[in-house]
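Just entry30.txt here, compact mmCIF, C-alpha atoms and all ligand atoms:
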```txt
# COMPACT_ATOMS: atom_id res chain seq x y z
CA MET Q 1 44.01 5.61 -37.05
CA GLU Q 2 41.20 6.27 -34.60
CA PRO Q 3 37.97 4.40 -35.34
CA ARG Q 4 35.17 6.52 -36.72
CA PHE Q 5 31.51 5.59 -36.79
CA SER Q 6 28.17 7.05 -37.67
CA CYS Q 7 24.81 5.34 -38.13
CA THR Q 8 23.23 6.03 -41.54
CA ALA Q 9 19.94 4.47 -40.37
CA CYS Q 10 20.06 1.72 -43.00
CA GLY Q 11 18.06 -0.52 -40.62
CA LYS Q 12 20.17 -3.61 -41.42
CA CYS Q 13 21.04 -4.34 -37.79
CA CYS Q 14 17.37 -4.06 -36.76
CA HIS Q 15 16.66 -7.73 -37.57
CA GLY Q 16 16.64 -10.89 -35.50
CA TRP Q 17 17.33 -11.23 -31.78
CA LEU Q 18 17.56 -7.98 -29.86
CA PRO Q 19 19.10 -8.40 -26.39
CA LEU Q 20 17.41 -6.12 -23.87
CA THR Q 21 17.89 -5.04 -20.31
CA LEU Q 22 15.16 -6.31 -18.03
CA LYS Q 23 13.90 -2.77 -17.61
CA ASP Q 24 13.58 -2.34 -21.40
CA ALA Q 25 12.01 -5.77 -21.87
CA ILE Q 26 9.26 -4.91 -19.38
CA ALA Q 27 8.77 -1.40 -20.74
CA HIS Q 28 8.40 -2.78 -24.29
CA ALA Q 29 6.41 -5.93 -23.42
CA GLY Q 30 3.62 -4.74 -25.73
CA ARG Q 31 6.02 -4.53 -28.70
CA PHE Q 32 8.48 -7.41 -28.72
CA PRO Q 33 7.79 -11.15 -28.29
CA LEU Q 34 10.19 -11.92 -25.45
CA ALA Q 35 12.27 -14.92 -24.44
CA MET Q 36 15.18 -15.53 -22.06
CA VAL Q 37 18.41 -16.52 -23.84
CA TRP Q 38 21.03 -18.40 -21.79
CA THR Q 39 24.66 -18.36 -22.96
CA PRO Q 40 27.36 -20.07 -20.89
CA VAL Q 41 30.73 -18.31 -20.66
CA ARG Q 42 33.73 -20.45 -19.78
CA GLN Q 43 36.28 -19.54 -17.12
CA ASN Q 44 39.02 -19.11 -19.70
CA ALA Q 45 36.92 -16.76 -21.83
CA ARG Q 46 38.04 -13.16 -22.26
CA PHE Q 47 34.94 -11.65 -20.67
CA TYR Q 48 34.44 -14.25 -17.94
CA GLN Q 49 34.90 -11.93 -14.95
CA LEU Q 50 32.47 -9.41 -16.37
CA ALA Q 51 30.02 -12.20 -17.22
CA THR Q 52 30.03 -13.34 -13.56
CA ARG Q 53 28.94 -9.83 -12.58
CA LEU Q 54 26.30 -9.41 -15.28
CA GLY Q 55 24.92 -12.93 -15.39
CA ALA Q 56 24.43 -15.90 -13.09
CA THR Q 57 27.15 -18.18 -11.78
CA VAL Q 58 26.41 -21.86 -12.15
CA ARG Q 59 28.21 -24.96 -10.85
CA LEU Q 60 28.24 -27.74 -13.44
CA PRO Q 61 28.03 -31.47 -12.61
CA SER Q 62 31.80 -31.58 -13.33
CA ARG Q 63 32.19 -29.11 -10.41
CA LYS Q 64 33.48 -26.49 -12.82
CA THR Q 65 31.87 -23.09 -12.56
CA VAL Q 66 30.60 -21.19 -15.57
CA ALA Q 67 29.06 -17.77 -15.85
CA VAL Q 68 25.76 -17.77 -17.70
CA LEU Q 69 24.43 -14.67 -19.37
CA ILE Q 70 20.64 -14.84 -19.22
CA VAL Q 71 19.31 -12.10 -21.41
CA PRO Q 72 15.71 -10.97 -21.95
CA THR Q 73 15.57 -10.87 -25.73
CA ALA Q 74 13.18 -9.70 -28.42
CA TYR Q 75 12.91 -13.18 -29.92
CA LEU Q 76 12.70 -12.75 -33.68
CA PRO Q 77 14.16 -14.89 -36.47
CA THR Q 78 17.24 -13.34 -38.16
CA SER Q 79 15.25 -12.76 -41.33
CA HIS Q 80 12.51 -10.82 -39.51
CA PRO Q 81 12.72 -7.05 -39.01
CA CYS Q 82 12.11 -5.48 -35.63
CA PRO Q 83 8.37 -4.66 -35.45
CA GLU Q 84 9.35 -1.00 -34.99
CA LEU Q 85 11.47 -0.78 -38.15
CA ARG Q 86 9.64 1.44 -40.60
CA GLU Q 87 9.50 1.03 -44.39
CA ASP Q 88 11.97 3.91 -44.81
CA GLY Q 89 14.52 2.08 -42.61
CA LEU Q 90 14.05 4.44 -39.68
CA CYS Q 91 13.13 3.45 -36.14
CA GLY Q 92 9.47 4.03 -35.31
CA ILE Q 93 10.27 4.58 -31.61
CA HIS Q 94 13.50 6.51 -31.97
CA ASP Q 95 12.96 8.68 -28.87
CA ASP Q 96 11.95 5.70 -26.78
CA LYS Q 97 14.12 2.95 -28.24
CA PRO Q 98 15.76 0.38 -25.94
CA SER Q 99 19.22 0.89 -24.44
CA ARG Q 100 20.68 -1.76 -26.73
CA CYS Q 101 19.74 0.30 -29.79
CA ARG Q 102 21.11 3.50 -28.23
CA THR Q 103 24.45 2.00 -27.23
CA MET Q 104 25.10 0.45 -30.66
CA PRO Q 105 27.73 -0.33 -31.87
CA PHE Q 106 29.20 -0.64 -28.37
CA TYR Q 107 28.34 -3.65 -26.26
CA PRO Q 108 28.38 -3.56 -22.44
CA TYR Q 109 28.82 -7.33 -22.07
CA ARG Q 110 32.43 -6.63 -23.10
CA GLU Q 111 35.01 -4.56 -21.26
CA GLU Q 112 35.24 -0.99 -22.51
CA ARG Q 113 38.85 -1.54 -23.63
CA ASP Q 114 37.69 -4.35 -25.96
CA GLN Q 115 35.20 -2.61 -28.22
CA ALA Q 116 37.33 -1.70 -31.27
CA ASP Q 117 36.26 -4.55 -33.56
CA LEU Q 118 32.58 -3.79 -32.96
CA LEU Q 119 33.10 -0.59 -34.95
CA ILE Q 120 33.80 -2.56 -38.12
CA PRO Q 121 30.45 -2.90 -39.94
CA ARG Q 122 29.25 -6.42 -40.61
CA LYS Q 123 28.61 -7.57 -44.16
CA GLY Q 124 25.71 -5.65 -45.66
CA TRP Q 125 25.61 -2.99 -42.93
CA ALA Q 126 25.84 0.60 -44.16
CA CYS Q 127 27.45 2.20 -41.10
CA ASP Q 128 29.63 5.17 -42.06
CA VAL Q 129 33.23 4.57 -40.93
CA SER Q 130 34.79 7.00 -43.40
CA ALA Q 131 37.13 9.87 -42.55
CA THR Q 132 34.14 12.22 -42.32
CA ALA Q 133 32.42 10.21 -39.60
CA PRO Q 134 33.09 11.28 -36.00
CA VAL Q 135 35.72 9.60 -33.85
CA VAL Q 136 33.75 7.67 -31.25
CA TYR Q 137 36.45 5.57 -29.56
CA SER Q 138 39.95 6.62 -28.65
CA ASN Q 139 42.72 4.96 -26.63
CA HIS Q 140 40.33 2.10 -25.83
CA GLU Q 141 37.80 4.47 -24.33
CA ILE Q 142 34.32 5.38 -25.54
CA ILE Q 143 34.13 9.11 -26.10
CA ASP Q 144 30.44 9.61 -25.31
CA ARG Q 145 29.85 6.88 -22.78
CA SER Q 146 26.48 7.87 -21.34
CA ASP Q 147 24.42 5.20 -23.18
CA PHE Q 148 27.03 2.52 -22.56
CA ASP Q 149 27.14 3.34 -18.84
CA ARG Q 150 23.36 3.39 -18.56
CA GLU Q 151 23.00 -0.02 -20.19
CA ARG Q 152 25.89 -1.51 -18.18
CA ASN Q 153 24.49 -0.16 -14.90
CA ASP Q 154 21.02 -1.52 -15.66
CA LEU Q 155 22.58 -4.93 -16.36
CA LEU Q 156 24.50 -4.81 -13.07
CA ASP Q 157 21.37 -3.77 -11.16
CA GLN Q 158 19.30 -6.63 -12.55
CA SER Q 159 21.90 -9.36 -11.92
CA PRO Q 160 20.50 -10.50 -8.50
CA VAL Q 161 17.10 -11.13 -10.17
CA ILE Q 162 18.80 -13.03 -12.99
CA GLN Q 163 20.66 -15.19 -10.45
CA ARG Q 164 17.38 -15.92 -8.65
CA TYR Q 165 15.80 -16.95 -11.93
CA ALA Q 166 18.75 -19.25 -12.75
CA ASP Q 167 18.56 -20.90 -9.31
CA TYR Q 168 14.82 -21.48 -9.71
CA MET Q 169 15.14 -22.96 -13.19
CA LEU Q 170 18.04 -25.23 -12.29
CA LYS Q 171 16.07 -26.52 -9.30
CA TYR Q 172 12.91 -27.34 -11.26
CA MET Q 173 14.47 -28.11 -14.67
CA PRO Q 174 17.82 -29.73 -13.86
CA TRP Q 175 18.26 -30.84 -17.50
CA ILE Q 176 19.32 -27.25 -18.22
CA LEU Q 177 22.51 -27.90 -16.26
CA ASP Q 178 23.47 -30.79 -18.56
CA GLU Q 179 22.76 -28.66 -21.62
CA LEU Q 180 24.90 -25.83 -20.25
CA ALA Q 181 27.71 -28.30 -19.51
CA LYS Q 182 27.58 -29.59 -23.11
CA MET Q 183 27.65 -26.07 -24.53
CA ALA Q 184 30.47 -24.97 -22.25
CA ALA Q 185 32.55 -27.91 -23.52
CA ARG Q 186 31.99 -27.00 -27.18
CA PRO Q 187 34.38 -24.52 -28.79
CA THR Q 188 31.41 -22.99 -30.62
CA GLY Q 189 29.37 -22.52 -27.41
CA GLY Q 190 25.63 -22.23 -27.93
CA ASN Q 191 22.55 -21.06 -26.14
CA ILE Q 192 19.29 -22.19 -24.60
CA VAL Q 193 16.04 -20.31 -25.04
CA SER Q 194 13.55 -20.37 -22.17
CA SER Q 195 10.15 -18.75 -21.90
CA LEU Q 196 9.38 -15.38 -20.41
CA SER Q 197 6.54 -17.01 -18.47
CA SER Q 198 9.07 -19.13 -16.56
CA PHE Q 199 10.82 -15.90 -15.59
CA LEU Q 200 7.57 -14.25 -14.49
CA THR Q 201 6.72 -17.28 -12.37
CA ALA Q 202 10.20 -17.65 -10.86
CA THR Q 203 10.52 -14.01 -9.88
CA ARG Q 204 6.87 -13.62 -8.80
CA ARG Q 205 6.57 -10.30 -10.57
CA PRO Q 206 3.55 -8.37 -9.34
CA ASP Q 207 2.93 -7.14 -12.91
CA ALA Q 208 2.99 -10.67 -14.40
CA VAL Q 209 -0.66 -10.58 -15.49
CA GLU Q 210 -0.20 -7.25 -17.22
CA ILE Q 211 2.95 -8.44 -19.02
CA ALA Q 212 1.26 -11.69 -20.05
CA THR Q 213 -1.71 -9.75 -21.42
CA ALA Q 214 0.67 -7.70 -23.58
CA GLN Q 215 2.72 -10.71 -24.73
CA ALA Q 216 0.00 -13.22 -25.61
CA PRO Q 217 -1.23 -11.49 -28.81
CA LEU Q 218 2.35 -10.92 -29.96
CA PHE Q 219 3.11 -14.63 -29.69
CA ARG Q 220 -0.16 -15.49 -31.45
CA ALA Q 221 0.72 -13.14 -34.32
CA MET Q 222 4.25 -14.53 -34.64
CA ALA Q 223 2.95 -18.11 -34.51
CA GLU Q 224 0.70 -17.24 -37.43
CA LYS Q 225 3.51 -15.57 -39.40
CA THR Q 226 5.83 -18.56 -38.99
CA ARG Q 227 3.19 -21.28 -39.42
CA ASP Q 228 3.87 -22.45 -42.96
CA ASP Q 229 7.64 -22.05 -43.11
CA PRO Q 230 9.55 -25.29 -42.39
CA ALA Q 231 12.69 -23.24 -41.61
CA MET Q 232 10.74 -21.54 -38.79
CA ARG Q 233 9.53 -24.74 -37.16
CA GLU Q 234 11.28 -24.14 -33.85
CA TYR Q 235 10.19 -20.53 -33.68
CA HIS Q 236 6.63 -21.54 -34.54
CA ARG Q 237 6.60 -24.20 -31.81
CA ASN Q 238 7.90 -21.74 -29.22
CA TYR Q 239 5.55 -18.93 -30.22
CA SER Q 240 2.51 -21.26 -30.17
CA GLY Q 241 3.40 -22.82 -26.83
CA TRP Q 242 4.23 -19.50 -25.20
CA ALA Q 243 1.00 -17.93 -26.49
CA VAL Q 244 -0.94 -20.60 -24.59
CA GLU Q 245 1.18 -20.07 -21.45
CA MET Q 246 0.74 -16.30 -21.59
CA GLU Q 247 -3.00 -16.56 -22.23
CA SER Q 248 -3.34 -18.74 -19.18
CA LEU Q 249 -1.20 -16.39 -17.08
CA ALA Q 250 -3.19 -13.38 -18.34
CA ARG Q 251 -6.43 -14.97 -17.06
CA ARG Q 252 -5.11 -15.15 -13.50
CA ASN Q 253 -6.44 -12.75 -10.95
CA PRO Q 254 -3.75 -10.12 -10.35
CA GLY Q 255 -4.55 -10.17 -6.63
S1 LIG C 1 13.68 -0.49 -31.64
FE1 LIG C 1 14.24 0.80 -33.38
S2 LIG C 1 16.49 0.89 -33.36
FE2 LIG C 1 15.86 -0.82 -32.05
S3 LIG C 1 15.90 -2.63 -33.36
FE3 LIG C 1 13.82 -1.82 -33.43
S4 LIG C 1 13.78 -0.44 -35.19
FE4 LIG C 1 15.93 -0.83 -34.70
S1 LIG C 2 23.69 -1.34 -39.56
FE1 LIG C 2 24.88 0.47 -38.94
S2 LIG C 2 24.06 2.12 -40.18
FE2 LIG C 2 22.59 0.46 -40.33
S3 LIG C 2 21.09 0.94 -38.72
FE3 LIG C 2 22.61 -0.44 -37.83
S4 LIG C 2 24.14 0.90 -36.86
FE4 LIG C 2 22.93 2.16 -38.28
```
In structure tokens, how does this file's structure come out?
Amino acid sequence: MEPRFSCTACGKCCHGWLPLTLKDAIAHAGRFPLAMVWTPVRQNARFYQLATRLGATVRLPSRKTVAVLIVPTAYLPTSHPCPELREDGLCGIHDDKPSRCRTMPFYPYREERDQADLLIPRKGWACDVSATAPVVYSNHEIIDRSDFDRERNDLLDQSPVIQRYADYMLKYMPWILDELAKMAARPTGGNIVSSLSSFLTATRRPDAVEIATAQAPLFRAMAEKTRDDPAMREYHRNYSGWAVEMESLARRNPG
């Protein structure tokens, strides 16, 4: 049977981390508190080749090479809704929503032929996969692939900048390499979260001051929201620290 899928706009998937293209992260810097999420992909992994094209390639102290996906991410705890999710479960920026939201449920970090299981709704999600929903994937091909292609192409275009960022970080924060090596050795993998300000510094973005000015109040607000919850300690620490970094960056003279 061919997989069918339709979004009923239940809003359940609009919670927690939202991986963005760099273009979307910058365009929505006034909406989402952003972080860079690093995920090592081992050479024997199914999507390794694709990960080398979309992410950075890193040589570990063991001399093994891993691909590392470094993804600008709307950094929200799993229990927190996207700031654009409205009370009625609809998206407040539907016409302008990021690529990731448009391409759902497909995922361009995987090969097109390997998307079938993404069409099975996760627990609690109200996606319509009944016989009345449209067929969206057939013979391992996405039927309307325009959003998927756009997101994939944006990821490919940004990969040289991501590699530059990885090289900078590994030079100035070599401990990241050891962490990546540990994660790559674990069957469960893992990820590292680094600040957006490190990315702005490493890539010398000319719009860094503008982005920092948009981000600082978002971090402040999230630090406040997570202040008294012991389960949010790590988020609170990151939000507070990054608010200070962004405030300092925002005060710099753009020239
Ligand atoms: S931008 Fe809209 S579609 Fe995307 S996660 Fe937020 S509410 Fe959901
Ligand atoms: S969980 Fe499914 S139905 Fe609900 S908003 Fe996300 S894609 Fe749409």
Review point. Which of these, Q:Leu60, Q:Val68, Q:Asp147, Q:Lys97, has the shortest distance to ligand LIG 1 (chain C) once you count all atoms listed in the file?
Key: Q:Lys97
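In this structure, CA of Ala29 (chain Q) sits 15.1 Å away from CA of Ser198 (chain Q).
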Check your understanding: Looking at only C-alpha atoms and all ligand atoms, which of Q:His80, Q:Lys123, Q:Lys64, Q:Arg220 is the one that sits closest to ligand LIG 2 (chain C)?
Key ->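 Closest to ligand LIG 2 (chain C) of all the choices is Q:Lys123.
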Exercise for review: Kindly work out which residues sit at most 10 Å from ligand LIG 1 (chain C), using all atoms listed in the file, and give the list as number ranges by chain.
Suggested key: Q: 9-20, 28, 31-32, 74, 81-86, 89-102, 104
Exercise for review: Please provide as a PyMOL selection string all residues within 7 Å of region 33-47 of chain Q, with the sequence filter that same-chain residues fewer than 2 positions apart are discarded (counting all atoms listed in the file).
Suggested key: chain Q and resi 31+49-51+66-75+110+180+184+190-196+215+218-219
May I have the residues from that selection written out with C-alpha atoms, as a PDB file, in the frame of the given file?
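Generated file (result.pdb):
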```pdb
ATOM      1  CA  ARG Q  31       6.020  -4.530 -28.700  1.00  0.00           C
ATOM      2  CA  GLN Q  49      34.900 -11.930 -14.950  1.00  0.00           C
ATOM      3  CA  LEU Q  50      32.470  -9.410 -16.370  1.00  0.00           C
ATOM      4  CA  ALA Q  51      30.020 -12.200 -17.220  1.00  0.00           C
ATOM      5  CA  VAL Q  66      30.600 -21.190 -15.570  1.00  0.00           C
ATOM      6  CA  ALA Q  67      29.060 -17.770 -15.850  1.00  0.00           C
ATOM      7  CA  VAL Q  68      25.760 -17.770 -17.700  1.00  0.00           C
ATOM      8  CA  LEU Q  69      24.430 -14.670 -19.370  1.00  0.00           C
ATOM      9  CA  ILE Q  70      20.640 -14.840 -19.220  1.00  0.00           C
ATOM     10  CA  VAL Q  71      19.310 -12.100 -21.410  1.00  0.00           C
ATOM     11  CA  PRO Q  72      15.710 -10.970 -21.950  1.00  0.00           C
ATOM     12  CA  THR Q  73      15.570 -10.870 -25.730  1.00  0.00           C
ATOM     13  CA  ALA Q  74      13.180  -9.700 -28.420  1.00  0.00           C
ATOM     14  CA  TYR Q  75      12.910 -13.180 -29.920  1.00  0.00           C
ATOM     15  CA  ARG Q 110      32.430  -6.630 -23.100  1.00  0.00           C
ATOM     16  CA  LEU Q 180      24.900 -25.830 -20.250  1.00  0.00           C
ATOM     17  CA  ALA Q 184      30.470 -24.970 -22.250  1.00  0.00           C
ATOM     18  CA  GLY Q 190      25.630 -22.230 -27.930  1.00  0.00           C
ATOM     19  CA  ASN Q 191      22.550 -21.060 -26.140  1.00  0.00           C
ATOM     20  CA  ILE Q 192      19.290 -22.190 -24.600  1.00  0.00           C
ATOM     21  CA  VAL Q 193      16.040 -20.310 -25.040  1.00  0.00           C
ATOM     22  CA  SER Q 194      13.550 -20.370 -22.170  1.00  0.00           C
ATOM     23  CA  SER Q 195      10.150 -18.750 -21.900  1.00  0.00           C
ATOM     24  CA  LEU Q 196       9.380 -15.380 -20.410  1.00  0.00           C
ATOM     25  CA  GLN Q 215       2.720 -10.710 -24.730  1.00  0.00           C
ATOM     26  CA  LEU Q 218       2.350 -10.920 -29.960  1.00  0.00           C
ATOM     27  CA  PHE Q 219       3.110 -14.630 -29.690  1.00  0.00           C
TER      28      PHE Q 219
END
```
Point to revise | For Tyr109 (chain Q), the nearest of the candidates Q:Thr8, Q:Thr78, Q:Thr21, Q:Thr213, counting only C-alpha atoms | key: Q:Thr21
Check your understanding: Restricting the calculation to only C-alpha atoms and all ligand atoms, which member of Q:Phe106, Q:Tyr137, Q:Trp125, Q:Trp175 is positioned closest to ligand LIG 2 (chain C)?
Key ->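 Among Q:Phe106, Q:Tyr137, Q:Trp125, Q:Trp175, it is Q:Trp125 that comes nearest to ligand LIG 2 (chain C).
When only C-alpha atoms are used to compute distances to Arg252 (chain Q), the closest of the residues Q:Leu76, Q:Ile211, Q:Met173, Q:Leu22 turns out to be Q:Ile211.
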Ligand LIG 2 (chain C), all listed atoms, 6 Å padding on each side: what axis-aligned box centre and edge lengths in Å to one decimal come out, as lines of an AutoDock Vina configuration file?
```
center_x = 23.0
center_y = 0.4
center_z = -38.6
size_x = 15.8
size_y = 15.5
size_z = 15.5
```
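Shortest separation to ligand LIG 2 (chain C) among Q:Ala202, Q:Ala216, Q:Leu118, Q:Ala181 occurs at residue Q:Leu118, atoms counted being all atoms listed in the file.
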Exercise for review: Record the distance separating CA of Gln158 (chain Q) and CA of Gln115 (chain Q), expressed in Å with one decimal.
Suggested key: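 Here the two named atoms are 22.7 Å from each other.
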Give as a short mmCIF file (atom, residue, chain, number, x, y, z; two decimals) with C-alpha atoms, keeping the file's coordinate frame every residue, naming chains and numbers as the document does, that has an atom within 12 Å of (2.0, -20.0, -28.1), counting only C-alpha atoms.
```cif
data_model
loop_
_atom_site.label_atom_id
_atom_site.label_comp_id
_atom_site.auth_asym_id
_atom_site.auth_seq_id
_atom_site.Cartn_x
_atom_site.Cartn_y
_atom_site.Cartn_z
CA PRO Q 33 7.79 -11.15 -28.29
CA LEU Q 34 10.19 -11.92 -25.45
CA SER Q 195 10.15 -18.75 -21.90
CA LEU Q 196 9.38 -15.38 -20.41
CA SER Q 197 6.54 -17.01 -18.47
CA ALA Q 212 1.26 -11.69 -20.05
CA GLN Q 215 2.72 -10.71 -24.73
CA ALA Q 216 0.00 -13.22 -25.61
CA PRO Q 217 -1.23 -11.49 -28.81
CA LEU Q 218 2.35 -10.92 -29.96
CA PHE Q 219 3.11 -14.63 -29.69
CA ARG Q 220 -0.16 -15.49 -31.45
CA ALA Q 221 0.72 -13.14 -34.32
CA MET Q 222 4.25 -14.53 -34.64
CA ALA Q 223 2.95 -18.11 -34.51
CA GLU Q 224 0.70 -17.24 -37.43
CA THR Q 226 5.83 -18.56 -38.99
CA ARG Q 227 3.19 -21.28 -39.42
CA GLU Q 234 11.28 -24.14 -33.85
CA TYR Q 235 10.19 -20.53 -33.68
CA HIS Q 236 6.63 -21.54 -34.54
CA ARG Q 237 6.60 -24.20 -31.81
CA ASN Q 238 7.90 -21.74 -29.22
CA TYR Q 239 5.55 -18.93 -30.22
CA SER Q 240 2.51 -21.26 -30.17
CA GLY Q 241 3.40 -22.82 -26.83
CA TRP Q 242 4.23 -19.50 -25.20
CA ALA Q 243 1.00 -17.93 -26.49
CA VAL Q 244 -0.94 -20.60 -24.59
CA GLU Q 245 1.18 -20.07 -21.45
CA MET Q 246 0.74 -16.30 -21.59
CA GLU Q 247 -3.00 -16.56 -22.23
CA SER Q 248 -3.34 -18.74 -19.18
#
```
At a cut-off of 8 Å, using all atoms listed in the file, what residues contact Leu119 (chain Q)? Leave out same-chain residues fewer than 4 positions from it and give the result as a tab-separated table (two decimals) with C-alpha atoms, keeping the file's coordinate frame.
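As written to disk, around_20.tsv reads:
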```
chain	number	residue	atom	x	y	z
Q	3	PRO	CA	37.97	4.40	-35.34
Q	4	ARG	CA	35.17	6.52	-36.72
Q	5	PHE	CA	31.51	5.59	-36.79
Q	105	PRO	CA	27.73	-0.33	-31.87
Q	106	PHE	CA	29.20	-0.64	-28.37
Q	115	GLN	CA	35.20	-2.61	-28.22
Q	129	VAL	CA	33.23	4.57	-40.93
```
Exercise for review: State, in Å with one decimal place, the distance from CA of Glu179 (chain Q) to CA of Leu54 (chain Q).
Suggested key: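 Taking CA of Glu179 (chain Q) as the start and CA of Leu54 (chain Q) as the end point, the length is 20.6 Å.
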